[in-house]
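First up is the structure itself, then whatever we jot down about it.
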Amino acid sequence: MLRAESAIPVRMRRVAVVAPEQALRESLVRIAEAGCVEIDLADDGGPDVRGPAARRLQRLRAEPAQPVLSEVPPDLETLEREGRADLLAGEAQMEERLGSAIRRGAVAALAGWCPEAELGTTTARIAGAGGALVPLRTPRGVDPPTLLAGAASAPPAHQAHPATTVRRSFTPLVTTYGTVPYADLDPTMAAGIVYVVMFGLMFGDAGHGLLLVAFALLLRAGRPRRAATLRPLWPFVAGAGLAATLAGVAYGEFFGPTGVLPVLWLEPLDEPMRLLATAVAFGAVLLAVAYAAGITNRWREGGPATALYATTGVAGAMLYLGLAVVAGYVWLGRAAYGVVGGVIAVAGLVLAGAGLHSTTAGGPGGAVQTGIQLFDAVVRIGSNVVSFARLAAFGLTHAALGSIVWDGTTALAGRGPVGVAAAALVFLLGNALAFSLEALVAGVQALRLEFYELFSRLFEGEGRPFRPWHLPVQHRTPSAVAAGPPAAHVAGPHTPAREEYP
């Protein structure tokens, strides 16, 4: 099972790297090799930060190389003469850190951030070099950088917990939208599950869903090799395929209405209004959950006042709830629903108006601005709920394409051997076209619903991503460093196998 901490970003600690001047470089080498500390750099970028290695690298004008850090101070002149752009680039980064250090007598220090779970390991690592990693109090008004749990270091894939593997495959869905603020909830798992469910409703065909599952298994096996970079996403693809398969079973669709599967719930083309109502109701529930998460985020960001007055907080949730109850009055015709819903909606408008007006300059102009924003909030709620009708619309489109292909197949199959061959061709090409077109459309539309209807309520700002300093280290003697590139591996034998932070 996932830990409770997975509902929030990885906990960070403000730290200081402290070491005697003569031990600072070796301590930083070990930190770079560990790759789990983000180090603050000097803001001015002056000559103390941009040192000789950077200038020699600029003169070299070599193709960009993967920076490599030498364990011991290298001979820069020899590196330039030998064209070692990789070691010069690594040394240039080291000079940036050394130039950013604060010095008091014989002691130097650098501030930064480190995940709490890595403090003990990193402290022990640099202690052997004579340095120390000292926890500090987080500065007031400064938000730590954000690292989602799915992107944190973990055992190799074959040893990782299955839930961790799934979370990592969902992480790009959130990071593509933006960086989660450090104070907010981490929506990775919920967002991934919602995405695959919405995709499945629009791509509901058991045959097409099983093809996606098969493709996911190929990705997991490292096939095709050109798609090796997509291998971590295989659980995401498998989840989308499984959701499409289940929806296809419910619709009775298997490469179209072939009759292979019975209809367990409804047939989209025969009951479009029922499917449409289900999609809108599902969207309404998702919006309610998004408002609940938004209230939590506003509270964590700015306290109870922010949570109360924000249009993505309690005020917006009350407006949404009130309008939903009013809609119940319209649907059921009960006057009590209309009264109760109206009271709740007005209370939400008053709270939201107070919050919005406080951000204006006041006066008539502020009142007009607040009124426009409140009108926009009401319209957005209605349009966002209706927007989920596209789950049904594109599900109907998929079913219609499958029906057209199947009707063409059956019409040709009864015309002798040539007709059978033509029917097989129509069936294969038609399903290939429907699969490609609908997979693209459903994927894009699910992403749109996730971003615009849901994430817009979860997040009001953006955090700063955690960017630790991580370079491979070449463990060599001073004479060997100057001699040129060796055949040895750049990581030391004491470095455990670990996964990089992004």
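We name chains A, B, ... following the order of the structure tokens; residues begin at 1 in each chain, and ligands are numbered from 1 as shown.
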Show which residues sit within 12 Å of Phe236 of chain A, as a compact mmCIF listing (two decimals) with N, CA, C and O atoms, in the first residue's frame. Count only C-alpha atoms, and ignore same-chain residues fewer than 2 positions away.
```
# COMPACT_ATOMS: atom_id res chain seq x y z
N ALA A 163 2.90 -0.19 -6.77
CA ALA A 163 2.21 1.09 -6.66
C ALA A 163 3.15 2.25 -7.00
O ALA A 163 2.73 3.25 -7.59
N THR A 165 5.66 2.08 -9.13
CA THR A 165 5.82 2.05 -10.59
C THR A 165 4.64 2.72 -11.28
O THR A 165 4.81 3.48 -12.24
N VAL A 166 3.43 2.45 -10.78
CA VAL A 166 2.24 3.07 -11.36
C VAL A 166 2.28 4.58 -11.15
O VAL A 166 1.99 5.37 -12.06
N ARG A 167 2.65 5.00 -9.94
CA ARG A 167 2.71 6.44 -9.64
C ARG A 167 3.68 7.15 -10.56
O ARG A 167 3.41 8.24 -11.05
N ARG A 168 4.83 6.54 -10.81
CA ARG A 168 5.82 7.18 -11.68
C ARG A 168 5.30 7.32 -13.11
O ARG A 168 5.61 8.29 -13.79
N SER A 169 4.50 6.38 -13.55
CA SER A 169 3.96 6.49 -14.91
C SER A 169 2.93 7.60 -15.00
O SER A 169 2.71 8.17 -16.08
N PHE A 170 2.26 7.93 -13.88
CA PHE A 170 1.27 9.00 -13.88
C PHE A 170 1.89 10.38 -13.67
O PHE A 170 1.25 11.40 -13.96
N THR A 171 3.10 10.44 -13.14
CA THR A 171 3.71 11.72 -12.78
C THR A 171 3.78 12.72 -13.93
O THR A 171 3.50 13.91 -13.74
N PRO A 172 4.14 12.31 -15.18
CA PRO A 172 4.18 13.30 -16.27
C PRO A 172 2.85 13.99 -16.52
O PRO A 172 2.83 15.11 -17.03
N LEU A 173 1.74 13.34 -16.16
CA LEU A 173 0.43 13.97 -16.34
C LEU A 173 0.32 15.24 -15.52
O LEU A 173 -0.27 16.23 -15.96
N THR A 188 -1.17 13.13 -8.02
CA THR A 188 -0.70 12.24 -9.09
C THR A 188 -1.56 11.01 -9.26
O THR A 188 -2.05 10.72 -10.37
N MET A 189 -1.77 10.24 -8.19
CA MET A 189 -2.53 8.99 -8.32
C MET A 189 -3.97 9.25 -8.72
O MET A 189 -4.52 8.59 -9.62
N ALA A 191 -5.23 11.87 -10.24
CA ALA A 191 -5.30 12.40 -11.60
C ALA A 191 -5.10 11.29 -12.63
O ALA A 191 -5.79 11.26 -13.66
N GLY A 192 -4.19 10.37 -12.36
CA GLY A 192 -3.96 9.27 -13.29
C GLY A 192 -5.16 8.36 -13.41
O GLY A 192 -5.56 7.96 -14.51
N ILE A 193 -5.78 8.03 -12.27
CA ILE A 193 -6.95 7.15 -12.29
C ILE A 193 -8.11 7.81 -13.02
O ILE A 193 -8.79 7.20 -13.85
N VAL A 194 -8.35 9.10 -12.72
CA VAL A 194 -9.44 9.82 -13.40
C VAL A 194 -9.19 9.89 -14.90
O VAL A 194 -10.11 9.71 -15.71
N TYR A 195 -7.95 10.11 -15.28
CA TYR A 195 -7.63 10.20 -16.71
C TYR A 195 -7.96 8.90 -17.43
O TYR A 195 -8.61 8.91 -18.48
N VAL A 196 -7.50 7.77 -16.90
CA VAL A 196 -7.72 6.51 -17.60
C VAL A 196 -9.20 6.15 -17.64
O VAL A 196 -9.67 5.55 -18.61
N VAL A 197 -9.95 6.52 -16.60
CA VAL A 197 -11.40 6.26 -16.61
C VAL A 197 -12.07 7.08 -17.70
O VAL A 197 -12.90 6.56 -18.47
N PHE A 199 -10.67 8.33 -20.36
CA PHE A 199 -10.22 7.79 -21.64
C PHE A 199 -11.02 6.54 -22.00
O PHE A 199 -11.46 6.37 -23.14
N LEU A 212 -4.36 -1.95 -26.71
CA LEU A 212 -3.57 -1.03 -25.89
C LEU A 212 -2.85 -1.76 -24.78
O LEU A 212 -1.69 -1.47 -24.47
N VAL A 213 -3.52 -2.71 -24.15
CA VAL A 213 -2.88 -3.50 -23.10
C VAL A 213 -1.69 -4.27 -23.67
O VAL A 213 -0.61 -4.35 -23.06
N PHE A 215 0.08 -3.43 -26.26
CA PHE A 215 1.15 -2.46 -26.54
C PHE A 215 1.87 -2.09 -25.25
O PHE A 215 3.11 -1.93 -25.24
N ALA A 216 1.14 -1.96 -24.15
CA ALA A 216 1.76 -1.65 -22.87
C ALA A 216 2.72 -2.76 -22.43
O ALA A 216 3.80 -2.49 -21.91
N LEU A 217 2.33 -4.00 -22.66
CA LEU A 217 3.19 -5.13 -22.29
C LEU A 217 4.45 -5.15 -23.17
O LEU A 217 5.53 -5.52 -22.69
N LEU A 219 5.86 -2.42 -24.35
CA LEU A 219 6.69 -1.36 -23.78
C LEU A 219 7.42 -1.86 -22.54
O LEU A 219 8.60 -1.56 -22.34
N ARG A 220 6.73 -2.60 -21.72
CA ARG A 220 7.35 -3.13 -20.50
C ARG A 220 8.52 -4.06 -20.83
O ARG A 220 9.52 -4.11 -20.12
N LEU A 230 9.78 5.42 -23.64
CA LEU A 230 8.40 5.38 -23.15
C LEU A 230 8.15 4.24 -22.19
O LEU A 230 7.03 4.10 -21.68
N ARG A 231 9.17 3.42 -21.94
CA ARG A 231 8.95 2.24 -21.11
C ARG A 231 8.38 2.56 -19.73
O ARG A 231 7.50 1.84 -19.25
N PRO A 232 8.82 3.62 -19.04
CA PRO A 232 8.24 3.90 -17.72
C PRO A 232 6.74 4.20 -17.76
O PRO A 232 6.08 4.14 -16.72
N LEU A 233 6.21 4.50 -18.94
CA LEU A 233 4.79 4.84 -19.04
C LEU A 233 3.90 3.63 -19.26
O LEU A 233 2.68 3.77 -19.39
N TRP A 234 4.47 2.43 -19.26
CA TRP A 234 3.66 1.27 -19.61
C TRP A 234 2.48 1.06 -18.66
O TRP A 234 1.38 0.66 -19.13
N ALA A 238 -1.31 0.72 -19.98
CA ALA A 238 -2.07 -0.47 -19.61
C ALA A 238 -3.36 -0.09 -18.90
O ALA A 238 -4.41 -0.70 -19.12
N GLY A 239 -3.30 0.91 -18.02
CA GLY A 239 -4.50 1.36 -17.33
C GLY A 239 -5.54 1.91 -18.29
O GLY A 239 -6.74 1.62 -18.16
N ALA A 240 -5.09 2.70 -19.27
CA ALA A 240 -6.02 3.23 -20.27
C ALA A 240 -6.64 2.10 -21.08
O ALA A 240 -7.84 2.11 -21.38
N GLY A 241 -5.82 1.11 -21.44
CA GLY A 241 -6.34 -0.02 -22.20
C GLY A 241 -7.33 -0.85 -21.40
O GLY A 241 -8.36 -1.29 -21.91
N LEU A 242 -7.04 -1.04 -20.10
CA LEU A 242 -7.95 -1.81 -19.25
C LEU A 242 -9.27 -1.07 -19.08
O LEU A 242 -10.35 -1.69 -19.13
N ALA A 243 -9.21 0.25 -18.88
CA ALA A 243 -10.45 1.03 -18.75
C ALA A 243 -11.27 0.96 -20.03
O ALA A 243 -12.51 0.82 -19.99
N GLY A 443 -7.42 10.66 -26.03
CA GLY A 443 -6.29 11.06 -25.20
C GLY A 443 -6.22 12.57 -25.02
O GLY A 443 -6.01 13.06 -23.90
```
Find the spatial neighbours of Leu287 of chain A, counting only C-alpha atoms, within a cut-off of 10 Å - ignore same-chain residues fewer than 6 positions away - and output them as a list in words.
Ala281, Ala293, Ala317, Tyr320, Ile381, Asn384, Val385, Glu453, Leu454, Phe455 and Arg457 of chain A
Would you mind exporting the chosen residues as a CSV table (one decimal), in the first residue's frame, restricted to N, CA, C and O atoms?
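Output (out_6.csv):
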```csv
chain,number,residue,atom,x,y,z
A,281,ALA,N,-23.2,13.6,-15.1
A,281,ALA,CA,-23.3,13.3,-13.6
A,281,ALA,C,-21.9,12.9,-13.1
A,281,ALA,O,-21.5,13.3,-12.0
A,293,ALA,N,-10.6,19.2,-2.9
A,293,ALA,CA,-9.1,19.3,-2.9
A,293,ALA,C,-8.7,20.7,-2.9
A,293,ALA,O,-7.7,21.1,-2.3
A,317,ALA,N,-17.1,26.4,-3.7
A,317,ALA,CA,-17.8,25.1,-3.5
A,317,ALA,C,-19.2,25.4,-3.1
A,317,ALA,O,-20.1,24.6,-3.6
A,320,TYR,N,-21.1,26.3,-6.3
A,320,TYR,CA,-21.3,25.1,-7.0
A,320,TYR,C,-22.4,24.2,-6.5
A,320,TYR,O,-23.3,23.8,-7.2
A,381,ILE,N,-18.9,27.5,-14.0
A,381,ILE,CA,-19.4,26.3,-13.4
A,381,ILE,C,-20.3,25.5,-14.3
A,381,ILE,O,-20.2,24.3,-14.5
A,384,ASN,N,-18.3,24.1,-17.3
A,384,ASN,CA,-17.5,23.0,-16.9
A,384,ASN,C,-18.2,21.7,-16.7
A,384,ASN,O,-17.8,20.6,-17.1
A,385,VAL,N,-19.4,21.8,-16.1
A,385,VAL,CA,-20.3,20.6,-16.0
A,385,VAL,C,-20.7,20.0,-17.3
A,385,VAL,O,-20.6,18.8,-17.6
A,453,GLU,N,-10.9,21.6,-16.4
A,453,GLU,CA,-12.0,21.5,-15.5
A,453,GLU,C,-11.6,21.1,-14.1
A,453,GLU,O,-12.2,21.5,-13.1
A,454,LEU,N,-10.5,20.3,-13.9
A,454,LEU,CA,-10.2,19.8,-12.6
A,454,LEU,C,-8.9,20.5,-12.0
A,454,LEU,O,-9.0,21.1,-11.0
A,455,PHE,N,-7.8,20.5,-12.8
A,455,PHE,CA,-6.6,21.1,-12.2
A,455,PHE,C,-6.7,22.6,-12.0
A,455,PHE,O,-6.1,23.2,-11.1
A,457,ARG,N,-9.0,24.1,-10.6
A,457,ARG,CA,-9.6,24.3,-9.2
A,457,ARG,C,-8.6,23.8,-8.2
A,457,ARG,O,-8.7,24.3,-7.0
```
Using only C-alpha atoms, pick whichever of A:Thr245, A:Ser27, A:Thr409, A:Gln22 has the shortest atom-to-atom distance to Ile126 of chain A.
A:Ser27
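Closest approach to Gly259 of chain A from the set A:Ala310, A:Tyr182, A:Ala206, A:Gly51 is made by A:Ala206, with distances taken over only C-alpha atoms.
As for atom CA of Ala227 of chain A and atom CA of Ala214 of chain A, they are spaced 14.4 Å apart.
For segment 59-71 of chain A, the set of protein, DNA and RNA residues having any atom at most 8 Å away, when counting only C-alpha atoms and skipping those fewer than 5 positions along the same chain, is Glu26, Val29, Glu80, Gly83, Ala85, Asp86, Leu87, Leu88, Ala89, Gly90, Glu91, Met94, Leu471, Pro472, Val473, Gln474, His475, Arg476, Val481 and Val490 of chain A.
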Residue selection dump (N, CA and C atoms) as a PDB file, in the first residue's frame:
```
ATOM      1  N   GLU A  26      36.033  18.120  -1.994  1.00  0.00           N
ATOM      2  CA  GLU A  26      35.749  16.689  -1.890  1.00  0.00           C
ATOM      3  C   GLU A  26      34.330  16.444  -1.380  1.00  0.00           C
ATOM      4  N   VAL A  29      32.067  16.972  -4.271  1.00  0.00           N
ATOM      5  CA  VAL A  29      32.141  15.851  -5.206  1.00  0.00           C
ATOM      6  C   VAL A  29      31.213  14.736  -4.760  1.00  0.00           C
ATOM      7  N   GLU A  80      42.145  21.155 -21.558  1.00  0.00           N
ATOM      8  CA  GLU A  80      41.836  21.963 -22.734  1.00  0.00           C
ATOM      9  C   GLU A  80      42.620  21.456 -23.944  1.00  0.00           C
ATOM     10  N   GLY A  83      41.100  18.371 -25.276  1.00  0.00           N
ATOM     11  CA  GLY A  83      39.716  18.496 -25.729  1.00  0.00           C
ATOM     12  C   GLY A  83      38.711  17.826 -24.818  1.00  0.00           C
ATOM     13  N   ALA A  85      36.050  18.264 -23.026  1.00  0.00           N
ATOM     14  CA  ALA A  85      34.942  19.166 -22.718  1.00  0.00           C
ATOM     15  C   ALA A  85      34.096  18.646 -21.572  1.00  0.00           C
ATOM     16  N   ASP A  86      33.987  17.322 -21.421  1.00  0.00           N
ATOM     17  CA  ASP A  86      33.156  16.753 -20.355  1.00  0.00           C
ATOM     18  C   ASP A  86      33.702  17.116 -18.972  1.00  0.00           C
ATOM     19  N   LEU A  87      35.020  16.932 -18.792  1.00  0.00           N
ATOM     20  CA  LEU A  87      35.625  17.249 -17.500  1.00  0.00           C
ATOM     21  C   LEU A  87      35.693  18.757 -17.268  1.00  0.00           C
ATOM     22  N   LEU A  88      35.912  19.519 -18.323  1.00  0.00           N
ATOM     23  CA  LEU A  88      35.904  20.970 -18.159  1.00  0.00           C
ATOM     24  C   LEU A  88      34.518  21.473 -17.771  1.00  0.00           C
ATOM     25  N   ALA A  89      33.465  20.887 -18.365  1.00  0.00           N
ATOM     26  CA  ALA A  89      32.096  21.284 -18.022  1.00  0.00           C
ATOM     27  C   ALA A  89      31.787  20.938 -16.569  1.00  0.00           C
ATOM     28  N   GLY A  90      32.227  19.761 -16.128  1.00  0.00           N
ATOM     29  CA  GLY A  90      32.021  19.390 -14.735  1.00  0.00           C
ATOM     30  C   GLY A  90      32.766  20.306 -13.785  1.00  0.00           C
ATOM     31  N   GLU A  91      34.000  20.645 -14.157  1.00  0.00           N
ATOM     32  CA  GLU A  91      34.792  21.525 -13.300  1.00  0.00           C
ATOM     33  C   GLU A  91      34.208  22.943 -13.281  1.00  0.00           C
ATOM     34  N   MET A  94      31.600  22.889 -10.751  1.00  0.00           N
ATOM     35  CA  MET A  94      32.214  22.883  -9.427  1.00  0.00           C
ATOM     36  C   MET A  94      32.658  24.297  -9.052  1.00  0.00           C
ATOM     37  N   LEU A 471      26.121  14.866 -10.868  1.00  0.00           N
ATOM     38  CA  LEU A 471      27.068  14.611 -11.952  1.00  0.00           C
ATOM     39  C   LEU A 471      27.753  13.274 -11.705  1.00  0.00           C
ATOM     40  N   PRO A 472      28.045  12.532 -12.784  1.00  0.00           N
ATOM     41  CA  PRO A 472      28.877  11.341 -12.620  1.00  0.00           C
ATOM     42  C   PRO A 472      30.292  11.764 -12.236  1.00  0.00           C
ATOM     43  N   VAL A 473      30.940  10.948 -11.425  1.00  0.00           N
ATOM     44  CA  VAL A 473      32.271  11.285 -10.910  1.00  0.00           C
ATOM     45  C   VAL A 473      33.286  10.291 -11.452  1.00  0.00           C
ATOM     46  N   GLN A 474      34.400  10.838 -11.916  1.00  0.00           N
ATOM     47  CA  GLN A 474      35.484   9.999 -12.421  1.00  0.00           C
ATOM     48  C   GLN A 474      36.511   9.819 -11.302  1.00  0.00           C
ATOM     49  N   HIS A 475      36.619   8.599 -10.796  1.00  0.00           N
ATOM     50  CA  HIS A 475      37.531   8.313  -9.694  1.00  0.00           C
ATOM     51  C   HIS A 475      38.896   7.940 -10.259  1.00  0.00           C
ATOM     52  N   ARG A 476      39.829   8.920 -10.239  1.00  0.00           N
ATOM     53  CA  ARG A 476      41.144   8.697 -10.823  1.00  0.00           C
ATOM     54  C   ARG A 476      42.193   9.434 -10.012  1.00  0.00           C
ATOM     55  N   VAL A 481      44.212  11.823 -14.411  1.00  0.00           N
ATOM     56  CA  VAL A 481      43.280  12.830 -14.898  1.00  0.00           C
ATOM     57  C   VAL A 481      43.906  13.632 -16.014  1.00  0.00           C
ATOM     58  N   VAL A 490      32.878   6.013 -14.714  1.00  0.00           N
ATOM     59  CA  VAL A 490      32.989   7.295 -14.039  1.00  0.00           C
ATOM     60  C   VAL A 490      32.470   7.266 -12.614  1.00  0.00           C
TER      61      VAL A 490
END
```
Atom CA of Leu440 of chain A to atom CA of Thr229 of chain A, straight-line distance in Å
19.5 Å
